[in-house]
$ cat entry_32.tsv   # TSV, C-alpha atoms
chain	number	residue	atom	x	y	z
A	1	MET	CA	190.06	52.58	-90.41
A	2	LYS	CA	191.50	55.26	-88.17
A	3	ALA	CA	189.26	56.11	-85.23
A	4	ILE	CA	189.84	59.85	-85.70
A	5	ILE	CA	188.05	59.54	-89.07
A	6	ALA	CA	185.55	56.79	-88.30
A	7	GLY	CA	184.18	58.46	-85.15
A	8	PRO	CA	183.11	61.80	-86.66
A	9	ALA	CA	181.97	60.10	-89.86
A	10	THR	CA	179.69	57.73	-87.92
A	11	LEU	CA	178.24	60.61	-85.92
A	12	ALA	CA	177.63	62.52	-89.15
A	13	LEU	CA	175.77	59.55	-90.62
A	14	VAL	CA	173.65	59.20	-87.50
A	15	TYR	CA	172.78	62.90	-87.51
A	16	ARG	CA	171.88	62.84	-91.20
A	17	ALA	CA	169.65	59.80	-90.76
A	18	TYR	CA	167.93	61.49	-87.81
A	19	SER	CA	167.52	64.92	-89.43
A	20	HIS	CA	166.25	63.53	-92.74
A	21	LYS	CA	164.13	60.86	-91.02
A	22	SER	CA	165.73	58.24	-93.25
A	23	LEU	CA	165.74	55.62	-90.48
A	24	THR	CA	163.62	54.77	-87.47
A	25	PRO	CA	165.24	55.23	-84.02
A	26	LEU	CA	166.05	51.52	-83.81
A	27	GLY	CA	167.22	51.65	-87.41
A	28	ILE	CA	169.64	54.47	-86.52
A	29	PHE	CA	171.02	52.43	-83.61
A	30	THR	CA	171.48	49.38	-85.85
A	31	ALA	CA	173.13	51.49	-88.54
A	32	ALA	CA	175.57	52.89	-85.95
A	33	LEU	CA	176.55	49.37	-84.89
A	34	THR	CA	176.97	48.44	-88.55
A	35	ALA	CA	179.23	51.45	-89.10
A	36	ILE	CA	181.38	50.43	-86.12
A	37	ALA	CA	181.72	46.90	-87.51
A	38	HIS	CA	182.93	48.38	-90.81
A	39	ALA	CA	185.27	50.84	-89.12
A	40	VAL	CA	187.08	48.02	-87.32
A	41	HIS	CA	188.61	47.00	-90.63
A	42	PRO	CA	192.08	48.51	-91.17
A	43	TRP	CA	191.22	49.53	-94.73
A	44	ASN	CA	188.92	52.45	-95.52
A	45	LEU	CA	187.10	50.45	-98.21
A	46	PRO	CA	184.29	48.75	-96.19
A	47	PHE	CA	183.29	51.92	-94.36
A	48	VAL	CA	183.36	53.96	-97.57
A	49	LEU	CA	181.11	51.45	-99.35
A	50	LEU	CA	178.63	51.60	-96.46
A	51	VAL	CA	178.59	55.41	-96.62
A	52	VAL	CA	178.25	55.50	-100.41
A	53	PHE	CA	175.39	53.00	-100.34
A	54	PHE	CA	173.56	54.90	-97.58
A	55	LEU	CA	173.91	58.29	-99.27
A	56	ALA	CA	173.12	57.05	-102.77
A	57	GLY	CA	170.22	54.89	-101.58
A	58	THR	CA	168.57	57.65	-99.58
A	59	ARG	CA	169.08	60.09	-102.45
A	60	VAL	CA	167.32	57.99	-105.09
A	61	THR	CA	164.53	57.30	-102.59
A	62	LYS	CA	163.76	61.05	-102.53
A	63	ILE	CA	163.72	61.43	-106.32
A	64	LYS	CA	160.11	62.23	-107.32
A	65	ALA	CA	158.92	60.85	-104.00
A	66	ASN	CA	155.52	62.51	-104.44
A	67	VAL	CA	155.05	60.81	-107.81
A	68	LYS	CA	156.10	57.39	-106.47
A	69	ALA	CA	153.77	57.80	-103.50
A	70	GLY	CA	150.82	57.98	-105.87
A	71	LEU	CA	151.75	54.82	-107.75
A	72	THR	CA	151.18	52.46	-104.82
A	73	LEU	CA	149.08	52.27	-101.66
A	74	ASN	CA	150.10	51.82	-98.06
A	75	SER	CA	148.64	48.84	-96.21
A	76	GLN	CA	147.06	51.26	-93.73
A	77	GLY	CA	145.07	52.94	-96.51
A	78	SER	CA	147.20	56.00	-97.20
A	79	SER	CA	149.28	56.68	-100.30
A	80	GLY	CA	152.37	54.58	-100.87
A	81	GLY	CA	156.00	55.59	-100.93
A	82	GLU	CA	159.02	54.75	-98.83
A	83	GLY	CA	158.94	55.75	-95.17
A	84	PRO	CA	161.81	55.62	-92.68
A	85	ARG	CA	163.70	52.35	-92.99
A	86	THR	CA	163.65	49.99	-90.03
A	87	HIS	CA	166.46	48.08	-88.33
A	88	VAL	CA	165.38	44.94	-90.17
A	89	GLN	CA	165.85	46.68	-93.51
A	90	VAL	CA	169.30	47.90	-92.43
A	91	LEU	CA	170.36	44.37	-91.50
A	92	ALA	CA	168.88	42.88	-94.67
A	93	ASN	CA	171.20	45.05	-96.77
A	94	SER	CA	174.35	45.19	-94.65
A	95	LEU	CA	174.51	42.16	-92.32
A	96	MET	CA	176.32	39.94	-94.82
A	97	ALA	CA	178.83	42.69	-95.59
A	98	SER	CA	179.41	43.25	-91.86
A	99	ILE	CA	180.20	39.56	-91.32
A	100	LEU	CA	182.61	39.44	-94.26
A	101	THR	CA	184.24	42.69	-93.13
A	102	LEU	CA	184.91	41.36	-89.65
A	103	LEU	CA	186.24	38.08	-91.08
A	104	HIS	CA	188.68	39.89	-93.38
A	105	ALA	CA	189.74	42.25	-90.59
A	106	TYR	CA	190.61	39.20	-88.47
A	107	GLN	CA	192.48	37.68	-91.43
A	108	LEU	CA	194.60	40.82	-91.80
A	109	TYR	CA	195.22	40.86	-88.02
A	110	MET	CA	196.47	37.25	-88.08
A	111	ARG	CA	198.65	38.11	-91.08
A	112	ARG	CA	200.23	40.96	-89.19
A	113	GLN	CA	200.76	38.78	-86.14
A	114	THR	CA	202.58	36.28	-88.36
A	115	VAL	CA	205.08	38.96	-89.31
A	116	VAL	CA	205.45	40.83	-86.02
A	117	THR	CA	205.25	37.99	-83.50
A	118	ASN	CA	206.34	34.87	-85.37
A	119	ARG	CA	208.81	36.59	-87.70
A	120	GLU	CA	207.43	34.61	-90.63
A	121	ILE	CA	206.42	35.58	-94.14
A	122	PRO	CA	202.62	35.44	-94.54
A	123	GLY	CA	200.97	33.70	-97.44
A	124	GLY	CA	198.76	36.69	-98.19
A	125	SER	CA	199.42	40.37	-98.71
A	126	PHE	CA	198.64	43.58	-96.85
A	127	CYS	CA	197.78	45.33	-100.08
A	128	TYR	CA	195.25	43.95	-102.55
A	129	LYS	CA	196.87	41.90	-105.29
A	130	TRP	CA	195.47	40.18	-108.37
A	131	GLY	CA	194.15	36.84	-107.16
A	132	GLY	CA	194.14	38.10	-103.57
A	133	ASP	CA	191.66	37.78	-100.70
A	134	VAL	CA	188.29	36.63	-102.04
A	135	LEU	CA	186.51	37.99	-98.95
A	136	VAL	CA	187.05	41.48	-100.34
A	137	VAL	CA	185.24	40.48	-103.53
A	138	GLY	CA	182.29	39.32	-101.41
A	139	ILE	CA	182.13	42.66	-99.57
A	140	ILE	CA	182.10	44.67	-102.79
A	141	ALA	CA	179.59	42.31	-104.39
A	142	ASN	CA	177.21	42.71	-101.46
A	143	TYR	CA	177.01	46.48	-101.77
A	144	ALA	CA	177.01	46.40	-105.58
A	145	ALA	CA	173.99	44.08	-105.50
A	146	VAL	CA	171.95	45.91	-102.84
A	147	CYS	CA	172.71	49.29	-104.40
A	148	ALA	CA	171.65	47.96	-107.81
A	149	ASP	CA	168.44	46.63	-106.29
A	150	THR	CA	167.72	49.96	-104.59
A	151	PHE	CA	168.32	51.96	-107.78
A	152	SER	CA	166.27	49.52	-109.83
A	153	SER	CA	163.32	49.68	-107.43
A	154	GLU	CA	163.33	53.42	-106.76
A	155	LEU	CA	163.96	54.57	-110.35
A	156	GLY	CA	162.42	51.70	-112.29
A	157	ILE	CA	158.98	52.43	-110.86
A	158	LEU	CA	159.12	55.81	-112.63
A	159	SER	CA	159.36	54.14	-116.05
A	160	ARG	CA	156.71	55.23	-118.55
A	161	SER	CA	156.35	51.69	-119.84
A	162	PRO	CA	154.46	49.22	-117.62
A	163	PRO	CA	156.59	46.62	-115.83
A	164	ARG	CA	156.63	43.01	-116.98
A	165	LEU	CA	156.48	40.11	-114.55
A	166	ILE	CA	159.83	38.37	-114.96
A	167	THR	CA	158.55	35.07	-113.55
A	168	SER	CA	155.70	34.91	-116.06
A	169	LEU	CA	156.26	32.90	-119.23
A	170	SER	CA	154.31	35.50	-121.17
A	171	LEU	CA	155.98	38.42	-119.37
A	172	ARG	CA	152.55	39.85	-118.64
A	173	LYS	CA	152.10	43.47	-117.67
A	174	VAL	CA	151.68	44.19	-113.96
A	175	PRO	CA	151.06	47.36	-111.90
A	176	PRO	CA	154.06	49.43	-110.78
A	177	GLY	CA	155.52	48.17	-107.52
A	178	THR	CA	154.75	44.49	-108.21
A	179	ASN	CA	157.41	42.14	-106.88
A	180	GLY	CA	159.14	40.65	-109.89
A	181	GLY	CA	158.05	43.44	-112.22
A	182	VAL	CA	160.93	44.77	-114.34
A	183	THR	CA	161.45	47.49	-116.93
A	184	LEU	CA	164.38	48.37	-119.17
A	185	TRP	CA	164.72	51.64	-117.29
A	186	GLY	CA	164.88	49.77	-114.00
A	187	LEU	CA	167.54	47.38	-115.28
A	188	ALA	CA	169.64	50.31	-116.50
A	189	ALA	CA	169.22	52.04	-113.15
A	190	GLY	CA	170.38	48.87	-111.41
A	191	LEU	CA	173.55	48.78	-113.49
A	192	LEU	CA	174.16	52.44	-112.61
A	193	GLY	CA	173.86	51.72	-108.89
A	194	SER	CA	176.27	48.80	-109.17
A	195	MET	CA	178.78	50.90	-111.11
A	196	ILE	CA	178.72	53.60	-108.42
A	197	ILE	CA	179.76	51.05	-105.79
A	198	VAL	CA	182.44	49.58	-108.06
A	199	ALA	CA	183.81	53.06	-108.85
A	200	ALA	CA	184.12	53.80	-105.13
A	201	SER	CA	185.86	50.44	-104.67
A	202	LEU	CA	188.46	51.25	-107.33
A	203	MET	CA	189.18	54.56	-105.62
A	204	PHE	CA	189.63	53.19	-102.09
A	205	LEU	CA	190.87	49.64	-102.65
A	206	PRO	CA	194.57	49.52	-101.63
A	207	PHE	CA	195.93	47.95	-104.81
A	208	CYS	CA	199.46	46.60	-104.75
A	209	SER	CA	201.78	49.01	-106.54
A	210	GLU	CA	205.42	49.45	-107.38
A	211	ASP	CA	206.09	50.48	-103.78
A	212	THR	CA	204.93	47.08	-102.49
A	213	THR	CA	206.66	44.90	-105.09
A	214	GLY	CA	209.24	42.60	-103.50
A	215	LYS	CA	208.33	43.58	-99.94
A	216	ILE	CA	206.91	41.39	-97.18
A	217	GLY	CA	203.15	41.22	-97.58
A	218	GLY	CA	203.37	42.97	-100.94
A	219	GLY	CA	202.35	42.02	-104.44
A	220	GLU	CA	202.77	42.73	-108.11
A	221	VAL	CA	201.47	45.85	-109.80
A	222	TRP	CA	197.95	45.62	-111.28
A	223	THR	CA	197.66	46.09	-115.01
A	224	VAL	CA	194.93	48.16	-116.63
A	225	SER	CA	193.41	45.01	-118.07
A	226	GLN	CA	193.24	43.36	-114.65
A	227	LYS	CA	191.53	46.37	-113.09
A	228	ALA	CA	189.04	46.53	-115.97
A	229	THR	CA	188.26	42.82	-115.57
A	230	LEU	CA	187.62	43.25	-111.85
A	231	ALA	CA	185.53	46.40	-112.34
A	232	TRP	CA	183.26	45.12	-115.11
A	233	GLY	CA	182.94	41.72	-113.52
A	234	LEU	CA	181.72	43.21	-110.23
A	235	ALA	CA	179.49	45.80	-111.96
A	236	ILE	CA	177.70	43.16	-114.02
A	237	TRP	CA	177.49	40.83	-111.02
A	238	GLY	CA	175.89	43.57	-108.93
A	239	ALA	CA	173.35	44.32	-111.67
A	240	LEU	CA	172.50	40.62	-111.78
A	241	GLY	CA	171.70	40.93	-108.08
A	242	SER	CA	168.74	43.17	-108.89
A	243	LEU	CA	167.53	40.55	-111.37
A	244	LEU	CA	167.87	37.81	-108.76
A	245	ASP	CA	165.88	39.95	-106.33
A	246	SER	CA	163.14	40.25	-108.96
A	247	PHE	CA	163.01	36.49	-109.48
A	248	LEU	CA	162.94	35.80	-105.74
A	249	GLY	CA	160.27	38.45	-105.19
A	250	GLY	CA	158.18	37.24	-108.09
A	251	TRP	CA	158.27	33.65	-106.87
A	252	PHE	CA	158.29	33.79	-103.08
A	253	GLN	CA	156.90	37.22	-102.12
A	254	ARG	CA	153.21	37.91	-102.47
A	255	SER	CA	152.12	41.07	-104.25
A	256	VAL	CA	148.71	42.36	-103.21
A	257	ARG	CA	146.64	44.58	-105.51
A	258	ASP	CA	143.82	46.88	-104.45
A	259	VAL	CA	140.89	46.06	-106.75
A	260	ARG	CA	139.32	49.51	-106.53
A	261	SER	CA	142.38	51.51	-107.60
A	262	GLY	CA	144.40	48.79	-109.33
A	263	LYS	CA	147.48	49.77	-107.30
A	264	ILE	CA	149.88	47.52	-105.40
A	265	VAL	CA	149.53	47.63	-101.60
A	266	GLU	CA	152.84	47.96	-99.71
A	267	GLY	CA	153.50	47.09	-96.08
A	268	ASP	CA	155.39	49.36	-93.70
A	269	GLY	CA	159.01	48.35	-93.28
A	270	GLY	CA	158.79	45.68	-95.96
A	271	VAL	CA	156.44	43.41	-93.99
A	272	ARG	CA	153.72	41.21	-95.48
A	273	VAL	CA	150.41	42.68	-96.63
A	274	LEU	CA	147.20	40.89	-95.67
A	275	THR	CA	144.63	40.32	-98.37
A	276	LYS	CA	141.92	40.52	-95.70
A	277	PRO	CA	142.54	42.36	-92.42
A	278	VAL	CA	142.10	40.19	-89.34
A	279	ASP	CA	139.79	42.60	-87.59
A	280	THR	CA	137.30	42.58	-90.48
A	281	GLU	CA	136.56	38.87	-90.47
A	282	PRO	CA	132.78	38.32	-90.66
A	283	HIS	CA	131.17	37.27	-87.40
A	284	THR	CA	128.37	34.75	-87.12
A	285	VAL	CA	125.02	35.55	-85.55
A	286	GLU	CA	125.80	33.21	-82.70
A	287	SER	CA	129.07	34.91	-81.85
A	288	SER	CA	127.34	38.31	-81.98
A	289	GLU	CA	124.65	37.14	-79.57
A	290	LYS	CA	127.24	35.78	-77.14
A	291	ALA	CA	129.15	39.05	-77.21
A	292	THR	CA	125.97	41.08	-76.63
A	293	THR	CA	124.82	38.81	-73.83
A	294	GLY	CA	128.16	38.97	-72.06
A	295	ALA	CA	128.28	42.75	-72.28
A	296	LYS	CA	124.79	43.19	-70.81
A	297	ALA	CA	125.52	40.74	-68.03
A	298	ARG	CA	128.61	42.70	-67.01
A	299	LEU	CA	126.70	45.98	-67.07
A	300	VAL	CA	124.01	44.83	-64.62
A	301	HIS	CA	126.38	42.71	-62.51
A	302	GLY	CA	124.57	39.43	-63.05
A	303	GLU	CA	124.20	36.46	-65.32
A	304	GLY	CA	120.78	35.05	-64.34
A	305	SER	CA	117.96	34.37	-66.74
A	306	ASN	CA	116.11	37.47	-65.47
A	307	THR	CA	119.17	39.68	-66.00
A	308	VAL	CA	119.71	39.50	-69.76
A	309	GLU	CA	116.98	39.79	-72.31
A	310	LYS	CA	116.33	36.66	-74.31
A	311	GLN	CA	117.98	36.57	-77.74
A	312	PRO	CA	115.98	35.38	-80.75
A	313	ASN	CA	116.78	31.95	-82.10
A	314	PRO	CA	117.63	32.17	-85.80
A	315	ALA	CA	116.45	28.59	-86.33
A	316	GLN	CA	112.96	29.55	-85.11
A	317	ALA	CA	112.77	32.91	-86.76
A	318	GLY	CA	111.65	31.53	-90.11
A	319	THR	CA	113.39	31.93	-93.36
A	320	ASP	CA	113.35	35.70	-93.44
A	321	ASN	CA	116.94	36.50	-92.50
A	322	SER	CA	117.64	38.87	-95.31
A	323	SER	CA	119.01	41.45	-92.90
A	324	THR	CA	121.89	39.21	-91.92
A	325	ASN	CA	122.68	38.45	-95.55
A	326	ASP	CA	122.37	42.01	-96.83
A	327	PRO	CA	125.91	43.35	-97.26
A	328	TYR	CA	124.58	46.92	-97.09
A	329	ASP	CA	122.53	46.45	-93.89
A	330	PRO	CA	123.50	49.39	-91.61
A	331	LYS	CA	122.43	47.35	-88.56
A	332	ASP	CA	125.11	44.75	-89.29
A	333	LYS	CA	128.10	46.12	-87.41
A	334	HIS	CA	130.35	43.24	-88.47
A	335	ARG	CA	130.27	43.78	-92.20
A	336	SER	CA	133.53	43.04	-94.02
A	337	SER	CA	135.05	45.15	-96.79
A	338	HIS	CA	133.72	43.98	-100.16
A	339	PHE	CA	131.70	45.08	-103.18
A	340	GLY	CA	128.42	43.58	-102.00
A	341	ASP	CA	128.95	40.31	-103.81
A	342	ARG	CA	131.44	39.10	-101.20
A	343	ARG	CA	134.40	39.72	-103.48
A	344	PRO	CA	137.44	41.03	-101.54
A	345	THR	CA	138.88	44.45	-102.24
A	346	ARG	CA	142.43	43.08	-102.10
A	347	ILE	CA	143.59	40.22	-104.29
A	348	VAL	CA	146.92	38.49	-104.90
A	349	GLU	CA	148.60	39.78	-108.03
A	350	SER	CA	151.53	37.34	-108.04
A	351	GLY	CA	153.88	35.27	-105.87
A	352	TRP	CA	153.69	32.80	-103.00
A	353	ASP	CA	153.44	34.13	-99.48
A	354	LEU	CA	156.69	32.55	-98.25
A	355	LEU	CA	158.97	35.57	-97.74
A	356	ASP	CA	158.55	39.27	-97.06
A	357	ASN	CA	160.58	42.01	-98.71
A	358	ASN	CA	163.32	41.97	-96.06
A	359	ASP	CA	163.74	38.21	-96.37
A	360	VAL	CA	164.10	38.53	-100.13
A	361	ASN	CA	166.68	41.31	-99.81
A	362	PHE	CA	168.82	39.38	-97.34
A	363	LEU	CA	168.61	36.17	-99.37
A	364	MET	CA	169.68	38.08	-102.48
A	365	ALA	CA	172.59	39.80	-100.70
A	366	PHE	CA	173.72	36.50	-99.18
A	367	THR	CA	173.56	34.68	-102.50
A	368	MET	CA	175.41	37.37	-104.46
A	369	SER	CA	178.15	37.72	-101.82
A	370	ILE	CA	178.82	34.00	-101.49
A	371	GLY	CA	178.43	33.54	-105.24
A	372	ALA	CA	181.05	36.24	-105.91
A	373	ILE	CA	183.47	34.57	-103.49
A	374	LEU	CA	183.01	31.19	-105.17
A	375	LEU	CA	183.35	32.71	-108.65
A	376	ALA	CA	186.51	34.63	-107.72
A	377	SER	CA	187.98	31.51	-106.10
A	378	TRP	CA	187.35	29.55	-109.30
A	379	TYR	CA	188.60	32.26	-111.67
A	380	TRP	CA	191.77	33.02	-109.70
A	381	GLN	CA	192.35	29.39	-108.70
A	382	VAL	CA	192.44	30.44	-105.05
A	383	PRO	CA	191.50	27.68	-102.57
A	384	LEU	CA	188.49	28.51	-100.42
A	385	ASP	CA	190.34	27.47	-97.28
A	386	SER	CA	192.60	30.50	-97.82
A	387	ILE	CA	189.83	32.49	-96.12
A	388	PHE	CA	190.94	30.96	-92.82
A	389	LYS	CA	194.67	31.38	-93.38
A	390	ALA	CA	196.98	34.33	-92.82
$ encode --input "entry_32.tsv" --output "structure tokens"
Amino acid sequence: MKAIIAGPATLALVYRAYSHKSLTPLGIFTAALTAIAHAVHPWNLPFVLLVVFFLAGTRVTKIKANVKAGLTLNSQGSSGGEGPRTHVQVLANSLMASILTLLHAYQLYMRRQTVVTNREIPGGSFCYKWGGDVLVVGIIANYAAVCADTFSSELGILSRSPPRLITSLSLRKVPPGTNGGVTLWGLAAGLLGSMIIVAASLMFLPFCSEDTTGKIGGGEVWTVSQKATLAWGLAIWGALGSLLDSFLGGWFQRSVRDVRSGKIVEGDGGVRVLTKPVDTEPHTVESSEKATTGAKARLVHGEGSNTVEKQPNPAQAGTDNSSTNDPYDPKDKHRSSHFGDRRPTRIVESGWDLLDNNDVNFLMAFTMSIGAILLASWYWQVPLDSIFKA
């Protein structure tokens, strides 16, 4: 991409992210580096897809944000909703695309060197031909999948019908915001997000045309049927990415529900949510006595037997220790959050605690990108080692 276009466009993206508080400061820095990696590519396509995904993703995040904030809870106790995205979230959605973009940019560079320096005819083309570079398919598939996932999550939660847990054999109903919970509205929104990316790809992909036919590094003209096959194939593949994200989230990402409100608890920046905060672990009487004794000893600058008052021995105090067992005892300063019967206020709704939301997003993007490359290689009968050839 030409620097005269990429430079101002990157600055505009940075300013928009800063003014709208869409990203954290470190997230803005990471997004700028990602934009530079996309701008290195000689085609406009990768950078345009990044811009379209950022603008479309931030836009759907703002749709009925006040309503969505009331459907879930924040792990810190406030209402839910999406805050500024972190650098980890930026990388989870765009790292795979950045790697593929740089690889294809190097492939085009080596192809040009073959013509200019070695005076040889390259095996590939400078325009995009039917059965061409499969790396390009992986780039488009990455953004189609993550955009579909974003649309599905941000718009699907607004569905009037309760979501169904896709990993449950009975497809049981779950609260909005549950990982693995899907609705028909969310699936339709995911397809819409994928189609937006594919539409942008058709507009900015440098298809081989009549002007390139018979020329060095050229290719045959695309037919309408070929373009339709590519478009619908990528659109459906991207929508399947949102489904894969639901399966991965339902299996490997723990969803935590607040018992009092029945709402799902979300972590800031997509991190894990604890079912029991660390700082509210119940303390034993012995540990409390040690802490009190140490504090008094420091206050009077001594540790002798005459310095600290003697603590009562629970073993010798008889059986009347109801105060230490009373969950409502105001003198017990180490009470944990519960209903009085020692039941926790946060419980696991579904999923294993193996991955957080960012891990799931990256795993989905990686799988859909590599899967699209393998599928295109099989369908077009293009050897995979062509990725490393000019």
$ residues_around --input "entry_32.tsv" --residues "Val174 in chain A" --least-positions-apart "6" --cutoff "7 Å" --atoms "only C-alpha atoms" --output "compact mmCIF listing (two decimals) with C-alpha atoms, in the frame of the given file"
# COMPACT_ATOMS: atom_id res chain seq x y z
CA PRO A 162 154.46 49.22 -117.62
CA PRO A 163 156.59 46.62 -115.83
CA ARG A 164 156.63 43.01 -116.98
CA LEU A 165 156.48 40.11 -114.55
CA GLY A 181 158.05 43.44 -112.22
$ closest_residue --input "entry_32.tsv" --among "A:Cys208, A:Ala145, A:Ile140, A:Leu155" --to "Ala65 in chain A" --atoms "only C-alpha atoms"
A:Leu155
$ residues_near_point --input "entry_32.tsv" --point "(158.3, 54.6, -95.2)" --cutoff "12 Å" --atoms "only C-alpha atoms" --output "NGL selection string"
:A and (21-24 or 58 or 61-62 or 65 or 68-69 or 73-76 or 78-86 or 89 or 266-271)
$ closest_residue --input "entry_32.tsv" --among "A:Gly214, A:Gly193, A:Pro42, A:Pro206" --to "Arg59 in chain A" --atoms "all atoms listed in the file"
A:Gly193
$ residues_around --input "entry_32.tsv" --residues "Leu95 in chain A" --least-positions-apart "4" --cutoff "12 Å" --atoms "only C-alpha atoms" --output "NGL selection string"
:A and (30-31 or 33-35 or 37-38 or 50 or 87-91 or 99-102 or 139 or 142-143 or 146 or 358 or 361-366 or 369)
$ closest_residue --input "entry_32.tsv" --among "A:Gln381, A:Asn357, A:Ser19, A:Ser153" --to "Pro176 in chain A" --atoms "all atoms listed in the file"
A:Ser153
$ closest_residue --input "entry_32.tsv" --among "A:Ala105, A:Ala141, A:Ala9, A:Leu158" --to "Ile63 in chain A" --atoms "only C-alpha atoms"
A:Leu158
$ atom_distance --input "entry_32.tsv" --atom1 "CA of Glu349 in chain A" --atom2 "CA of Leu191 in chain A"
27.1 Å
$ closest_residue --input "entry_32.tsv" --among "A:Ile347, A:Val182, A:Val14, A:Val134" --to "Val265 in chain A" --atoms "all atoms listed in the file"
A:Ile347
$ closest_residue --input "entry_32.tsv" --among "A:Ala17, A:Ala239, A:Val348, A:Leu375" --to "Thr275 in chain A" --atoms "all atoms listed in the file"
A:Val348
$ decode --input "entry_32.tsv" --residues "range 343-363 of chain A" --atoms "N, CA and C atoms" --output "CSV table (one decimal), in the first residue's frame"
chain,number,residue,atom,x,y,z
A,343,ARG,N,-23.2,-21.2,50.8
A,343,ARG,CA,-23.3,-21.3,49.4
A,343,ARG,C,-22.6,-20.1,48.7
A,344,PRO,N,-21.8,-20.3,47.7
A,344,PRO,CA,-21.2,-19.1,47.0
A,344,PRO,C,-22.2,-18.3,46.2
A,345,THR,N,-21.9,-17.1,46.0
A,345,THR,CA,-22.7,-16.2,45.2
A,345,THR,C,-22.4,-16.3,43.8
A,346,ARG,N,-21.3,-16.9,43.4
A,346,ARG,CA,-20.9,-17.1,42.0
A,346,ARG,C,-20.8,-18.6,41.8
A,347,ILE,N,-21.4,-19.1,40.7
A,347,ILE,CA,-21.3,-20.5,40.4
A,347,ILE,C,-21.0,-20.6,38.9
A,348,VAL,N,-20.4,-21.8,38.5
A,348,VAL,CA,-20.1,-22.1,37.1
A,348,VAL,C,-21.3,-22.5,36.4
A,349,GLU,N,-21.6,-21.7,35.3
A,349,GLU,CA,-22.8,-22.0,34.5
A,349,GLU,C,-22.4,-23.1,33.5
A,350,SER,N,-21.2,-23.0,32.9
A,350,SER,CA,-20.9,-24.0,31.9
A,350,SER,C,-19.4,-23.9,31.6
A,351,GLY,N,-18.8,-24.9,31.0
A,351,GLY,CA,-17.4,-24.9,30.4
A,351,GLY,C,-16.3,-25.2,31.4
A,352,TRP,N,-15.2,-25.7,30.9
A,352,TRP,CA,-14.0,-25.9,31.7
A,352,TRP,C,-13.1,-24.7,31.7
A,353,ASP,N,-12.5,-24.5,32.8
A,353,ASP,CA,-11.6,-23.3,32.9
A,353,ASP,C,-10.2,-23.6,32.4
A,354,LEU,N,-10.2,-23.7,31.0
A,354,LEU,CA,-8.9,-24.0,30.3
A,354,LEU,C,-8.4,-22.8,29.5
A,355,LEU,N,-9.3,-22.0,29.0
A,355,LEU,CA,-9.0,-20.9,28.2
A,355,LEU,C,-9.8,-19.7,28.6
A,356,ASP,N,-9.2,-18.5,28.4
A,356,ASP,CA,-10.0,-17.3,28.5
A,356,ASP,C,-10.6,-16.8,27.2
A,357,ASN,N,-11.3,-15.7,27.2
A,357,ASN,CA,-12.0,-15.3,25.9
A,357,ASN,C,-11.0,-15.0,24.8
A,358,ASN,N,-9.8,-14.4,25.2
A,358,ASN,CA,-8.8,-14.0,24.2
A,358,ASN,C,-8.2,-15.3,23.6
A,359,ASP,N,-8.0,-16.3,24.4
A,359,ASP,CA,-7.4,-17.6,23.9
A,359,ASP,C,-8.4,-18.2,22.9
A,360,VAL,N,-9.6,-18.2,23.3
A,360,VAL,CA,-10.7,-18.8,22.4
A,360,VAL,C,-10.7,-18.0,21.0
A,361,ASN,N,-10.7,-16.7,21.1
A,361,ASN,CA,-10.7,-15.9,19.9
A,361,ASN,C,-9.5,-16.2,19.0
A,362,PHE,N,-8.3,-16.2,19.6
A,362,PHE,CA,-7.1,-16.5,18.7
A,362,PHE,C,-7.2,-17.9,18.1
A,363,LEU,N,-7.6,-18.9,19.0
A,363,LEU,CA,-7.6,-20.2,18.5
A,363,LEU,C,-8.6,-20.4,17.3
